[in-house]
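Asker: To start, I am sharing the structure in question, which I have written as structure tokens.
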Amino acid sequence: MIAAKTFWFALATTALVSSASLAQDLPESLQPLGNLKGPLNLVIPNYSQDPSASAWNGFYLKPNIGYETMSFDNTFLKDAGGITLGISGGYDFTFDRFLIGPSGEFNYNFTSGNQSSVNGGDNYKAFADFDGYVGGRTGFLLDRTLIYAIGGYAFTNTHVKNATLGISETDYMSGWTGGAGVEYLWSNTNGLRLEYRRVQYDSKRFSILPASDDKVSPNMDKLSIGFVRRF
């Protein structure tokens with residue numbers, strides 16, 4: 001048992017060291033602003049130089065993956081949740097240690113709502129198949145780290161289904177979003193971002209629901225992560 005553990009530890013260490021060596025051979029645009037001499041530095045580079053003055057300025061794109069939960073403030077609908085895949089982008093301007101700029105995002109949602117029963121009869125569930133926002137962000141720079149707030153106009157496409165009858169109703173909904181995040185600059189053109197946003201949509205009535213409570217007021221909690229490519 002001890003010999004086996006020693007073997008696997010040695011194998012893992014060798015893999016990390018090899019990965020660090022390979023990372024040193026990346027194209028210049030992908031190179032970290034430091035060295036990757038040890039396994040730990042593959043995750044936290046040992047920085048030896050500062051990013052260029054223009055590194056935080058300009059266009060960026062970020063493919064992102066995340067997880068969201070969605071509630072509807074309706075007695076007939078249970079919460080939904082699931083993985084989201086999307087892309088965001090924008091343009092950043094810097095003024096000394098401050099950053100500001102427009103941003104936007106679009107996601108396709110693999111969310112699934114649980115069915116709820118009404119008097120042992122009709123079963124209802126709700127979910128959103130896509131969502132996004134258009135707005136802006138502002139933040140404070142600490143060398144290679146940006147701490148920021150983000151917000152703007154939000155939109156989504158909400159579905160409510162009656163599983164018993166096999167019918168559904170869909171409506172486009174709009175509202176607002178706000179949140180915060182942190183972005184870590186790996187090189188002059190590449191970074192990593194973690195972000196949380198709260199989204200609140202306006203209420204709408206769905207005729208498919210019982211008249212006693214047919215108003216739906218969706219809200220989301222969204223957590224996403226992704227690599228940022230700067231141009």
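The chains in the structure tokens are called A, B, ... from first to last as shown; in each chain the residues are counted from 1, and the ligands are counted from 1 in the order shown.
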Contacts between region 66-86 of chain A and region 133-229 of chain A, please, where a residue of region 133-229 of chain A counts if it comes within 6 Å (with only C-alpha atoms); show its shortest atom pair and distance in Å to one decimal, rows by chain and ascending number, as a tab-separated table.

Answerer:
residue	atom	partner	partner_atom	distance
A:Val216	CA	A:Phe72	CA	5.6
A:Ser217	CA	A:Phe72	CA	5.0
A:Pro218	CA	A:Phe72	CA	4.2
A:Asn219	CA	A:Ser71	CA	5.6
A:Met220	CA	A:Met70	CA	4.5
A:Asp221	CA	A:Thr69	CA	5.4
A:Lys222	CA	A:Glu68	CA	4.4
A:Leu223	CA	A:Gly66	CA	5.4
A:Ser224	CA	A:Gly66	CA	3.9

Asker: Please produce a file of the residues just selected, as a PDB file, in the first residue's frame, where the atoms kept are N, CA and C atoms.

Answerer:
ATOM      1  N   VAL A 216     -45.596  35.457 -12.595  1.00  0.00           N
ATOM      2  CA  VAL A 216     -44.267  34.874 -12.441  1.00  0.00           C
ATOM      3  C   VAL A 216     -43.237  35.997 -12.371  1.00  0.00           C
ATOM      4  N   SER A 217     -42.396  35.958 -11.330  1.00  0.00           N
ATOM      5  CA  SER A 217     -41.349  36.985 -11.129  1.00  0.00           C
ATOM      6  C   SER A 217     -40.003  36.282 -10.987  1.00  0.00           C
ATOM      7  N   PRO A 218     -39.356  35.937 -12.102  1.00  0.00           N
ATOM      8  CA  PRO A 218     -38.111  35.169 -12.029  1.00  0.00           C
ATOM      9  C   PRO A 218     -36.950  35.979 -11.472  1.00  0.00           C
ATOM     10  N   ASN A 219     -36.051  35.301 -10.777  1.00  0.00           N
ATOM     11  CA  ASN A 219     -34.762  35.875 -10.408  1.00  0.00           C
ATOM     12  C   ASN A 219     -33.711  34.787 -10.464  1.00  0.00           C
ATOM     13  N   MET A 220     -32.470  35.189 -10.696  1.00  0.00           N
ATOM     14  CA  MET A 220     -31.364  34.242 -10.861  1.00  0.00           C
ATOM     15  C   MET A 220     -30.197  34.614  -9.955  1.00  0.00           C
ATOM     16  N   ASP A 221     -29.457  33.601  -9.555  1.00  0.00           N
ATOM     17  CA  ASP A 221     -28.134  33.748  -8.960  1.00  0.00           C
ATOM     18  C   ASP A 221     -27.174  33.007  -9.872  1.00  0.00           C
ATOM     19  N   LYS A 222     -26.190  33.736 -10.418  1.00  0.00           N
ATOM     20  CA  LYS A 222     -25.306  33.170 -11.432  1.00  0.00           C
ATOM     21  C   LYS A 222     -23.844  33.262 -10.977  1.00  0.00           C
ATOM     22  N   LEU A 223     -23.122  32.145 -11.084  1.00  0.00           N
ATOM     23  CA  LEU A 223     -21.689  32.095 -10.794  1.00  0.00           C
ATOM     24  C   LEU A 223     -20.990  31.559 -12.026  1.00  0.00           C
ATOM     25  N   SER A 224     -19.987  32.281 -12.520  1.00  0.00           N
ATOM     26  CA  SER A 224     -19.311  31.851 -13.746  1.00  0.00           C
ATOM     27  C   SER A 224     -17.806  32.021 -13.623  1.00  0.00           C
TER      28      SER A 224
END

Asker: Can you work out which one of A:Phe227, A:Tyr201, A:Phe130, A:Phe106 has the shortest atom-to-atom distance to Lys62 (chain A), counting only C-alpha atoms?

Answerer: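 Of A:Phe227, A:Tyr201, A:Phe130, A:Phe106, the one nearest Lys62 (chain A), counting only C-alpha atoms, is A:Phe227.
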
Asker: Of the candidates A:Tyr133, A:Phe93, A:Trp56, A:Tyr148, which one gets nearest to Thr177 (chain A) if we count only C-alpha atoms?

Answerer: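 Checking each candidate against Thr177 (chain A), we get A:Tyr133 as the closest.
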
Asker: For Ile87 (chain A), which of A:Arg137, A:Lys125, A:Arg229, A:His159 is the closest residue, counting only C-alpha atoms?

Answerer: A:Arg229

Asker: Step one, run DSSP on the backbone; step two, keep only residues of region 192-223 of chain A assigned to strand (DSSP E); then write them as JSON, numbers by chain.

Answerer: {"A": [192, 193, 194, 195, 196, 197, 198, 199, 200, 201, 204, 205, 215, 216, 219, 220, 221, 222, 223]}

Asker: Could you dump the residues just selected with C-alpha atoms as a compact mmCIF listing (two decimals), in the first residue's frame?

Answerer:
# COMPACT_ATOMS: atom_id res chain seq x y z
CA LEU A 192 -8.81 34.28 -15.57
CA ARG A 193 -12.09 35.68 -14.20
CA LEU A 194 -14.52 34.57 -11.48
CA GLU A 195 -17.86 36.41 -11.27
CA TYR A 196 -21.15 36.40 -9.38
CA ARG A 197 -24.30 38.19 -10.55
CA ARG A 198 -27.80 38.56 -9.16
CA VAL A 199 -30.56 38.99 -11.76
CA GLN A 200 -34.13 40.20 -11.14
CA TYR A 201 -36.75 40.21 -13.91
CA LYS A 204 -45.47 38.74 -16.10
CA ARG A 205 -48.67 36.70 -16.11
CA LYS A 215 -47.91 35.93 -12.02
CA VAL A 216 -44.27 34.87 -12.44
CA ASN A 219 -34.76 35.88 -10.41
CA MET A 220 -31.36 34.24 -10.86
CA ASP A 221 -28.13 33.75 -8.96
CA LYS A 222 -25.31 33.17 -11.43
CA LEU A 223 -21.69 32.10 -10.79

Asker: What is the distance between CA of Asp213 (chain A) and CA of Ser112 (chain A), in Å to one decimal?

Answerer: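 Going from CA of Asp213 (chain A) over to CA of Ser112 (chain A) covers 21.3 Å.
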
Asker: Please list as a PyMOL selection string every residue within 10 Å of Thr145 (chain A), counting only C-alpha atoms and excluding residues in the same chain fewer than 4 positions away.

Answerer: chain A and resi 140-141+182-186+191-193

Asker: Only N, CA and C atoms, please: the residues just picked out, written as a PDB file, in the first residue's frame.

Answerer:
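What follows is the written file selection-v4.pdb:
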ATOM      1  N   PHE A 140     -11.116  48.319  -9.480  1.00  0.00           N
ATOM      2  CA  PHE A 140      -9.861  48.843  -8.949  1.00  0.00           C
ATOM      3  C   PHE A 140      -8.757  47.842  -9.239  1.00  0.00           C
ATOM      4  N   LEU A 141      -7.625  48.328  -9.748  1.00  0.00           N
ATOM      5  CA  LEU A 141      -6.510  47.479 -10.154  1.00  0.00           C
ATOM      6  C   LEU A 141      -5.455  47.370  -9.057  1.00  0.00           C
ATOM      7  N   VAL A 182     -13.653  39.069  -9.753  1.00  0.00           N
ATOM      8  CA  VAL A 182     -12.208  39.283  -9.677  1.00  0.00           C
ATOM      9  C   VAL A 182     -11.574  38.689 -10.927  1.00  0.00           C
ATOM     10  N   GLU A 183     -10.643  39.424 -11.518  1.00  0.00           N
ATOM     11  CA  GLU A 183      -9.939  38.968 -12.713  1.00  0.00           C
ATOM     12  C   GLU A 183      -8.443  38.999 -12.444  1.00  0.00           C
ATOM     13  N   TYR A 184      -7.774  37.943 -12.852  1.00  0.00           N
ATOM     14  CA  TYR A 184      -6.350  37.750 -12.579  1.00  0.00           C
ATOM     15  C   TYR A 184      -5.596  37.725 -13.897  1.00  0.00           C
ATOM     16  N   LEU A 185      -4.662  38.638 -14.081  1.00  0.00           N
ATOM     17  CA  LEU A 185      -3.935  38.765 -15.341  1.00  0.00           C
ATOM     18  C   LEU A 185      -2.755  37.802 -15.365  1.00  0.00           C
ATOM     19  N   TRP A 186      -2.856  36.788 -16.201  1.00  0.00           N
ATOM     20  CA  TRP A 186      -1.809  35.763 -16.303  1.00  0.00           C
ATOM     21  C   TRP A 186      -0.655  36.257 -17.170  1.00  0.00           C
ATOM     22  N   GLY A 191      -6.076  36.162 -19.147  1.00  0.00           N
ATOM     23  CA  GLY A 191      -6.395  36.220 -17.731  1.00  0.00           C
ATOM     24  C   GLY A 191      -7.444  35.190 -17.355  1.00  0.00           C
ATOM     25  N   LEU A 192      -7.797  35.182 -16.095  1.00  0.00           N
ATOM     26  CA  LEU A 192      -8.809  34.282 -15.569  1.00  0.00           C
ATOM     27  C   LEU A 192      -9.770  35.099 -14.714  1.00  0.00           C
ATOM     28  N   ARG A 193     -11.093  34.871 -14.902  1.00  0.00           N
ATOM     29  CA  ARG A 193     -12.095  35.680 -14.205  1.00  0.00           C
ATOM     30  C   ARG A 193     -13.114  34.795 -13.484  1.00  0.00           C
TER      31      ARG A 193
END
